[in-house]
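Everything below concerns the one structure shown next.
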Amino acid sequence: MAPKKAKRRQQQGEGGSSNVFSMFEQSQIQEYKEAFTIIDQNRDGIISKDDLRDVLATMGQLNVKNEELEAMVKEASGPINFTVFLTMFGEKLKGADPEDVIVSAFKVLDPEATGSIKKEFLEELLTTQCDRFTAEEMTNLWAAFPPDVAGNVDYKNICYVITHGEEKEE
């Protein structure tokens with residue numbers, strides 16, 4: 001009877017947790033581990049509501065509602081240890097297209113192949129077409145990817161961050 005239970009657990013995903021590690025490069029896993037350690041304020045190996053409240057407070061968000069923290073913790077299927085944390089990021093990134101596909105989509109908007117597009121043009125597209133960005137989302141985009149002095153946005157860097165979750169080191 002025990003082998004059937006073990007087999008059922010693997011089919012339900014419990015045994016497949018090592019697969020999440022194959023989704024990331026070793027350097028990415030190390031960066032996620034560092035992030036996990038920062039968030040796990042009490043160092044018990046589990047991210048809790050209190051950990052989230054504490055880490056948000058260190059970033060200046062002092063009045064986070066308990067319901068918001070509950071919602072964050074409930075995104076996981078159980079206690080958030082490092083494997084669950086990594087799995088959550090894997091699931092978020094799973095829907096993203098590969099970097100070359102996203103870069104190719106941007107290249108359509110860059111006929112001179114400069115690697116950048118005008119901020120105004122990108123903003124117009126993102127706020128008027130398909131799944132429209134809000135003003136707040138645009139503010140966040142420009143904070144994360146500020147245009148250069150000529151008003152150009154490095155779309156290759158945006159694509160890299162979308163698919164890798166970190167900025168390229170120059």
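Ordering of the structure tokens sets the chain letters (A, B, ...), residue numbers begin anew at 1 in every chain, and ligands are numbered from 1 in the order given.
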Would you please give, as a JSON list (two decimals) with C-alpha atoms, in the first residue's frame, all residues of segment 51-139 of chain A that DSSP assigns to strand (DSSP E or B) based on the backbone?
```
[["chain", "number", "residue", "atom", "x", "y", "z"],
["A", 80, "ILE", "CA", 6.34, 28.91, 2.07],
["A", 116, "SER", "CA", 15.90, 50.85, -28.37],
["A", 117, "ILE", "CA", 12.60, 52.57, -29.08],
["A", 118, "LYS", "CA", 11.26, 56.00, -28.18]]
```
Next item on the list: Tell me which protein, DNA and RNA residues are within 8 Å of Leu62 of chain A, counting only C-alpha atoms, leaving out same-chain ones fewer than 3 positions away, and put them as JSON, numbers by chain.
Entry: {"A": [53, 56, 57]}
Checklist line | 12 Å contact set for segment 161-163 of chain A, only C-alpha atoms, chain neighbours under 5 positions out, as a PyMOL selection string | finding: chain A and resi 23-24+28+89-90+92-103+141+144-145+154-156+168-169
Check: Using only C-alpha atoms, which residue out of A:Asn63, A:Ser27, A:Ser104, A:Thr134 lies closest to Cys159 of chain A?
Finding: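 Going through A:Asn63, A:Ser27, A:Ser104, A:Thr134 one by one, the smallest distance to Cys159 of chain A is for A:Ser104.
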Item checked: Nearest residue to Val84 of chain A from the set A:Glu67, A:Tyr32, A:Met59, A:Asn152 (distances using only C-alpha atoms) ->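 Once distances to Val84 of chain A are computed over only C-alpha atoms, the minimum belongs to A:Tyr32.
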